[in-house]
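A short worksheet on the structure shown next.
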Amino acid sequence: MSTNISKEKRERLVQKINAIKTYISSAVQDENTAQLLTYISDIEKDIKGKKYGLVFEEHREGIDEVLANNLPVLTEDTDLFIDNGGQMNFLIEGDNLASLKLLEKTHKGRIDLIYIDPPYNTGNKDFVYDDRFVDSNDTFRHSKWLSFMEKRLQIARSLLSENGVIFISIDDNEQSALKMLCDSIFNENNFIAKFDWRKKTGANDAKDIAVVTESILLYGKNKTACIETNIWARDIDSIDKGRYKYEDEFADIRGKFYYDTLDRGGLQYSDSMNYGITMPDGALLFPNGRSKFVNDGWIWKWGKEKVRWGIENKFIEFCKSKKNSHTAYTIKYKVYENVDNDGNIRDKTGRAYMNLITSPINQQGNSEMKELFDGKSPFSNPKPVGLLLYLIKTIKLKHTTILDFFAGSGTTGHAVMKLNAEDGGSRKFILCTNNENNICRDVTYERIKRVIAKEDYKASLKYFKVEYLPISDKLYYEYADELLLHIRELVELENGINFNGNAEIAIVLTEKELDDFTQNIPETCKAIYVGHDVLPTEEQEKIFAKRKIKIKVIPEYYYRDLEG
């Protein structure tokens with residue numbers, strides 16, 4: 001039996017602390033002794049706290065101070081609206097922690113897939129913390145990065161649907177720390193896979209080992225739910241179509257087929273699977289070409305009843321063969337494209353997606369950007385579209401909401417639109433990025449705009465910006481009216497709609513707006529979004545019912561920050 005030395009040390013420390021508490025409690029009591037007892041209780045709590053997992057110095061960011069004294073709101077830059085039909089997608093410019101706070105209102109438990117490519121914290125000016133680059137000389141650089149990631153991943157988990165998943169790109173600088181952090185946030189039981197992506201073919205400048213891969217961690221909100229709801233797709237590209245060479249009278253339903261031998265060696269042996277099958281010439285054929293029963297480890301893959309069924313339904317065929325001396329025949333079974341060996345239509349074709357990704361390499365991402373931006377890439381090392389396609393394709397669902405809150409060059413949005421065009425899906429995306437060096441406006445947005453124009457993808461985009469309203473030392477009524485002006489954007493974000501110039505839908509947030517709308521209802525109006533505290537009169541409800549206009553109440557949780 002092992003001894004927990006650390007536990008013994010903790011218990012001895014707690015005993016000493018209790019002795020100190022007893023001594024202080026026996027002394028004359030005043031404000032100082034009460035304060036000392038509080039301090040000692042805090043120390044005892046820390047000693048009894050978490051003893052396994054990732055330990056790091058928590059750091060507070062500048063955005064934490066901003067959010068403590070301000071409420072984030074969304075405003076739309078209507079000049080950047082892209083209207084090309086299809087799904088309504090969103091690009092949010094601003095600190096992604098503020099964006100995630102807003103998405104908690106609109107998409108809690110509703111995101112199906114998240115992909116992020118966060119800063120790798122290489123110490124080579126790739127990670128900005130409080131407007132400063134964190135370099136390799138910063139003794140707290142790992143703690144700062146983990147603090148930065150922890151807050152965002154905790155919210156990301158709350159956004160995922162029960163069978164939602166998150167992919168996180170990372171390299172060796174923080175991969176092990178990120179794995180432990182995600183084990184803590186998502187629970188290690190919900191870890192699904194670590195993908196190894198070969199991002200380049202070589203590294204001639206390596207002084208020891210050429211590192212040519214990066215990692216992509218995959219977690220589920222609930223791994224069991226992911227399996228039970230059957231979200232995982234099969235890799236159709238893995239099917240060797242050339243293997244299916246033959247056709248028979250069932251080709252219209254079963255498809256083409258190839259032959260496979262019915263006997264196998266090395267499988268778990270059973271006498272019941274080692275029996276003779278009568279050939280057309282009357283001879284008995286046992287596994288491994290034998291003419292009689294011998295336990296040599298070889299068996300038939302199918303039992304007697306299954307073989308009888310296979311012969312009757314022509315899944316099994318007797319083939320001429322010179323291999324066996326006692327019979328002119330051998331036996332093979334057919335593997336069809338479209339049905340399994342029980343005659344059922346295949347629900348899944350192809351193999352499971354693998355966690356090894358060898359193509360495309362990272363250079364492809366640069367080439368894609370250059371093609372869109374007149375021969376020059378405005379972004380350093382963008383992920384290639386093919387990589388995101390591979391990840392998104394692992395999920396068979398085609399009507400999903402996909403979030404990337406480190407959107408960078410916009411590869412995720414590009415991949416979503418491309419895949420929708422290929423398979424007729426209706427996926428939609430939400431991209432969040434800051435606007436450092438005008439990246440959101442000049443790179444992310446511009447890429448989406450150019451891709452839609454170039455490929456004529458049926459997709460639309462609204463461009464939102466995060467702004468802040470001061471609330472420190474203010475009461476609700478002092479800022480409530482101003483905040484109401486930004487409810488519209490939240491409704492659009494949650495429902496994937498556009499109110500601007502759209503006569504089919506309307507939004508009213510006050511009794512006066514409702515009265516005005518009722519007096520002048522557009523003929524084409526189909527739905528009206530109403531503030532949760534705006535109550536239509538009986539007469540107004542009759543008017544809406546007669547016009548077949550649906551009333552949709554804006555959720556109360558939109559207003560919780562307003563009410564404090």
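Identifiers in the structure tokens: chain A, B, ... in order shown; residue index from 1 per chain; ligand index from 1 in order shown.
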
Within 12 Å of range 246-257 of chain A: each range 275-318 of chain A residue with its shortest pair, only C-alpha atoms, as a tab-separated table:
```
residue	atom	partner	partner_atom	distance
A:Asn313	CA	A:Phe250	CA	10.2
A:Lys314	CA	A:Phe250	CA	9.3
A:Phe315	CA	A:Phe257	CA	10.0
A:Ile316	CA	A:Phe257	CA	11.7
A:Glu317	CA	A:Asp248	CA	11.4
```

Could the residues in this selection be written to a file with N, CA and C atoms, as a PDB file, in the first residue's frame?
```pdb
ATOM      1  N   ASN A 313     -28.900 -15.758 -50.714  1.00  0.00           N
ATOM      2  CA  ASN A 313     -29.055 -14.373 -51.160  1.00  0.00           C
ATOM      3  C   ASN A 313     -27.898 -13.886 -52.018  1.00  0.00           C
ATOM      4  N   LYS A 314     -27.067 -14.820 -52.427  1.00  0.00           N
ATOM      5  CA  LYS A 314     -25.966 -14.565 -53.360  1.00  0.00           C
ATOM      6  C   LYS A 314     -24.950 -13.551 -52.829  1.00  0.00           C
ATOM      7  N   PHE A 315     -24.738 -13.568 -51.497  1.00  0.00           N
ATOM      8  CA  PHE A 315     -23.618 -12.838 -50.915  1.00  0.00           C
ATOM      9  C   PHE A 315     -22.370 -13.710 -50.906  1.00  0.00           C
ATOM     10  N   ILE A 316     -22.573 -15.006 -51.111  1.00  0.00           N
ATOM     11  CA  ILE A 316     -21.475 -15.970 -51.155  1.00  0.00           C
ATOM     12  C   ILE A 316     -21.451 -16.606 -52.533  1.00  0.00           C
ATOM     13  N   GLU A 317     -20.258 -16.847 -53.033  1.00  0.00           N
ATOM     14  CA  GLU A 317     -20.116 -17.429 -54.361  1.00  0.00           C
ATOM     15  C   GLU A 317     -19.066 -18.536 -54.322  1.00  0.00           C
TER      16      GLU A 317
END
```

Legend entry - Exercise: range 328-332 of chain A partners within 7 Å, only C-alpha atoms, chain neighbours under 5 positions left out, as JSON, numbers by chain: {"A": [259, 260, 261, 262, 279, 316, 317, 318, 319, 320, 321, 322]}

For C-alpha atoms, I'd like the residues from the last selection saved as a PDB file, in the first residue's frame.
```
ATOM      1  CA  TYR A 259     -14.411 -10.673 -53.403  1.00  0.00           C
ATOM      2  CA  ASP A 260     -12.918 -11.535 -50.034  1.00  0.00           C
ATOM      3  CA  THR A 261     -11.919 -14.912 -48.602  1.00  0.00           C
ATOM      4  CA  LEU A 262     -14.290 -16.364 -46.045  1.00  0.00           C
ATOM      5  CA  MET A 279     -18.929 -27.454 -52.606  1.00  0.00           C
ATOM      6  CA  ILE A 316     -21.475 -15.970 -51.155  1.00  0.00           C
ATOM      7  CA  GLU A 317     -20.116 -17.429 -54.361  1.00  0.00           C
ATOM      8  CA  PHE A 318     -18.404 -20.724 -55.156  1.00  0.00           C
ATOM      9  CA  CYS A 319     -15.426 -19.963 -57.378  1.00  0.00           C
ATOM     10  CA  LYS A 320     -13.384 -22.319 -59.528  1.00  0.00           C
ATOM     11  CA  SER A 321      -9.944 -22.836 -58.013  1.00  0.00           C
ATOM     12  CA  LYS A 322      -6.924 -25.130 -58.390  1.00  0.00           C
TER      13      LYS A 322
END
```

Inset, instruction - Would you mind listing what lies within 9 Å of Met149 in chain A as a PyMOL selection string, with only C-alpha atoms counted and same-chain residues fewer than 5 positions away left out? - result: chain A and resi 118+144+154+178+181

Name the residues in contact with Met354 in chain A at a cut-off of 12 Å, using only C-alpha atoms, excluding same-chain residues fewer than 3 positions from it; report them as an mmCIF file with C-alpha atoms, in the first residue's frame.
```cif
data_model
loop_
_atom_site.group_PDB
_atom_site.id
_atom_site.type_symbol
_atom_site.label_atom_id
_atom_site.label_comp_id
_atom_site.auth_asym_id
_atom_site.auth_seq_id
_atom_site.Cartn_x
_atom_site.Cartn_y
_atom_site.Cartn_z
ATOM 1 C CA ILE A 192 -11.596 13.027 -27.839
ATOM 2 C CA ALA A 193 -8.331 13.254 -29.772
ATOM 3 C CA LYS A 194 -5.095 15.068 -30.424
ATOM 4 C CA PHE A 195 -4.580 15.624 -34.137
ATOM 5 C CA ASP A 196 -1.048 15.787 -35.489
ATOM 6 C CA TRP A 197 -0.958 18.064 -38.512
ATOM 7 C CA TRP A 232 -19.276 11.724 -36.284
ATOM 8 C CA ALA A 233 -18.905 11.415 -40.039
ATOM 9 C CA ARG A 234 -16.858 8.909 -42.026
ATOM 10 C CA ASP A 235 -14.076 9.863 -44.394
ATOM 11 C CA ASP A 237 -12.299 10.120 -49.474
ATOM 12 C CA SER A 238 -10.723 7.095 -47.774
ATOM 13 C CA GLY A 350 -15.443 5.070 -45.494
ATOM 14 C CA ARG A 351 -13.237 4.816 -42.457
ATOM 15 C CA ILE A 357 -3.385 15.066 -41.133
ATOM 16 C CA THR A 358 -0.684 15.128 -43.808
ATOM 17 C CA TYR A 390 -10.948 18.303 -42.764
ATOM 18 C CA LEU A 391 -11.883 19.245 -39.197
ATOM 19 C CA LYS A 393 -16.064 17.355 -42.126
ATOM 20 C CA THR A 394 -15.505 15.104 -39.114
#
```

Inset, instruction - Please run DSSP on the backbone and report, as a PyMOL selection string, all residues within range 47-167 of chain A that come out as alpha helix (DSSP H). - result: chain A and resi 47+62-69+96-107+141-159

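For range 52-131 of chain A, backbone-based DSSP assignment of strand (DSSP E or B) covers Asn70, Leu71, Pro72, Val73, Leu74, Thr75, Glu76, Ile82, Gln87, Met88, Asn89, Phe90, Leu91, Ile92, Glu93, Ile111, Asp112, Leu113, Ile114, Tyr115, Ile116, Val128 and Tyr129 of chain A.
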
Inset, instruction - Enter the distance from CA of Trp302 in chain A to CA of Met273 in chain A, in Å, rounded to one decimal. - result: 7.2 Å

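By chain and then residue number, the residues within 7 Å of Ile92 in chain A are Leu431, Cys432, Thr433, Tyr463, Phe464 and Lys465 of chain A, counting only C-alpha atoms and disregarding those fewer than 3 positions away in sequence.
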
Selection file, N, CA and C atoms, as a CSV table (one decimal), in the first residue's frame:
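Result written to part_2.csv:
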```csv
chain,number,residue,atom,x,y,z
A,431,LEU,N,-17.5,34.9,-36.5
A,431,LEU,CA,-16.0,35.2,-36.3
A,431,LEU,C,-15.8,36.3,-35.4
A,432,CYS,N,-14.8,36.2,-34.5
A,432,CYS,CA,-14.5,37.3,-33.6
A,432,CYS,C,-13.0,37.5,-33.6
A,433,THR,N,-12.6,38.8,-33.8
A,433,THR,CA,-11.2,39.1,-33.7
A,433,THR,C,-11.0,40.6,-33.4
A,463,TYR,N,-21.4,43.1,-40.0
A,463,TYR,CA,-20.2,43.5,-39.3
A,463,TYR,C,-20.5,44.3,-38.1
A,464,PHE,N,-20.2,43.7,-36.9
A,464,PHE,CA,-20.5,44.3,-35.6
A,464,PHE,C,-19.2,44.7,-35.0
A,465,LYS,N,-19.3,45.8,-34.2
A,465,LYS,CA,-18.2,46.3,-33.4
A,465,LYS,C,-18.6,46.2,-31.9
```

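Candidate residues A:Leu160, A:Ile216, A:Leu461, A:Ala27 were compared for distance to Leu80 in chain A, and the nearest is A:Leu461, using only C-alpha atoms.
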
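Between Glu422 in chain A and the residues A:Glu455, A:Asp117, A:Glu436, A:Glu467, the shortest atom-to-atom distance, using only C-alpha atoms, involves A:Glu455.
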
Counting only C-alpha atoms, which residues of range 171-200 of chain A fall within 10 Å of range 207-211 of chain A, and what is the closest atom pair for each with its distance in Å at one decimal, ordered by chain and rising number, as JSON lines?
```
{"residue": "A:Asp171", "atom": "CA", "partner": "A:Val211", "partner_atom": "CA", "distance": 10.0}
{"residue": "A:Asp172", "atom": "CA", "partner": "A:Val211", "partner_atom": "CA", "distance": 9.5}
{"residue": "A:Arg198", "atom": "CA", "partner": "A:Val211", "partner_atom": "CA", "distance": 9.1}
{"residue": "A:Lys199", "atom": "CA", "partner": "A:Val211", "partner_atom": "CA", "distance": 9.4}
{"residue": "A:Lys200", "atom": "CA", "partner": "A:Val211", "partner_atom": "CA", "distance": 8.8}
```

Inset, instruction - Return the single residue from A:Ile40, A:Glu31, A:Lys45, A:Val443 that is closest to Arg10 in chain A, with distances computed using only C-alpha atoms. - result: A:Lys45

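You will find CA of Thr33 in chain A at 23.9 Å from CA of Glu11 in chain A.
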
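Taking CA of Pro119 in chain A and CA of Gly220 in chain A as the two end points, the separation is 21.8 Å.
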
Inset, instruction - With a distance cut-off of 8 Å and only C-alpha atoms, select the neighbouring residues of Glu511 in chain A, excluding the residue or stretch itself and same-chain residues fewer than 3 positions from it, and output the selection as a PyMOL selection string. - result: chain A and resi 508+514-515+534-535

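If only C-alpha atoms are the atoms counted, then among A:His486, A:Lys454, A:Lys221, A:Lys334 the closest residue to Leu102 in chain A is A:His486.
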
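All residues of protein, DNA or RNA that reach within 12 Å of Leu36 in chain A, judged by only C-alpha atoms and not counting those fewer than 4 positions away in the chain, are Ile17, Ile20, Lys21, Thr22, Tyr23, Ile24, Ser25, Ala27, Gln29, Asp30, Glu31, Asn32, Ile40, Ser41, Asp42 and Ile43 of chain A.
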
Legend entry - Counting only C-alpha atoms, the option among A:Gln540, A:Thr412, A:Asn189, A:Thr444 closest to Leu389 in chain A: A:Thr412
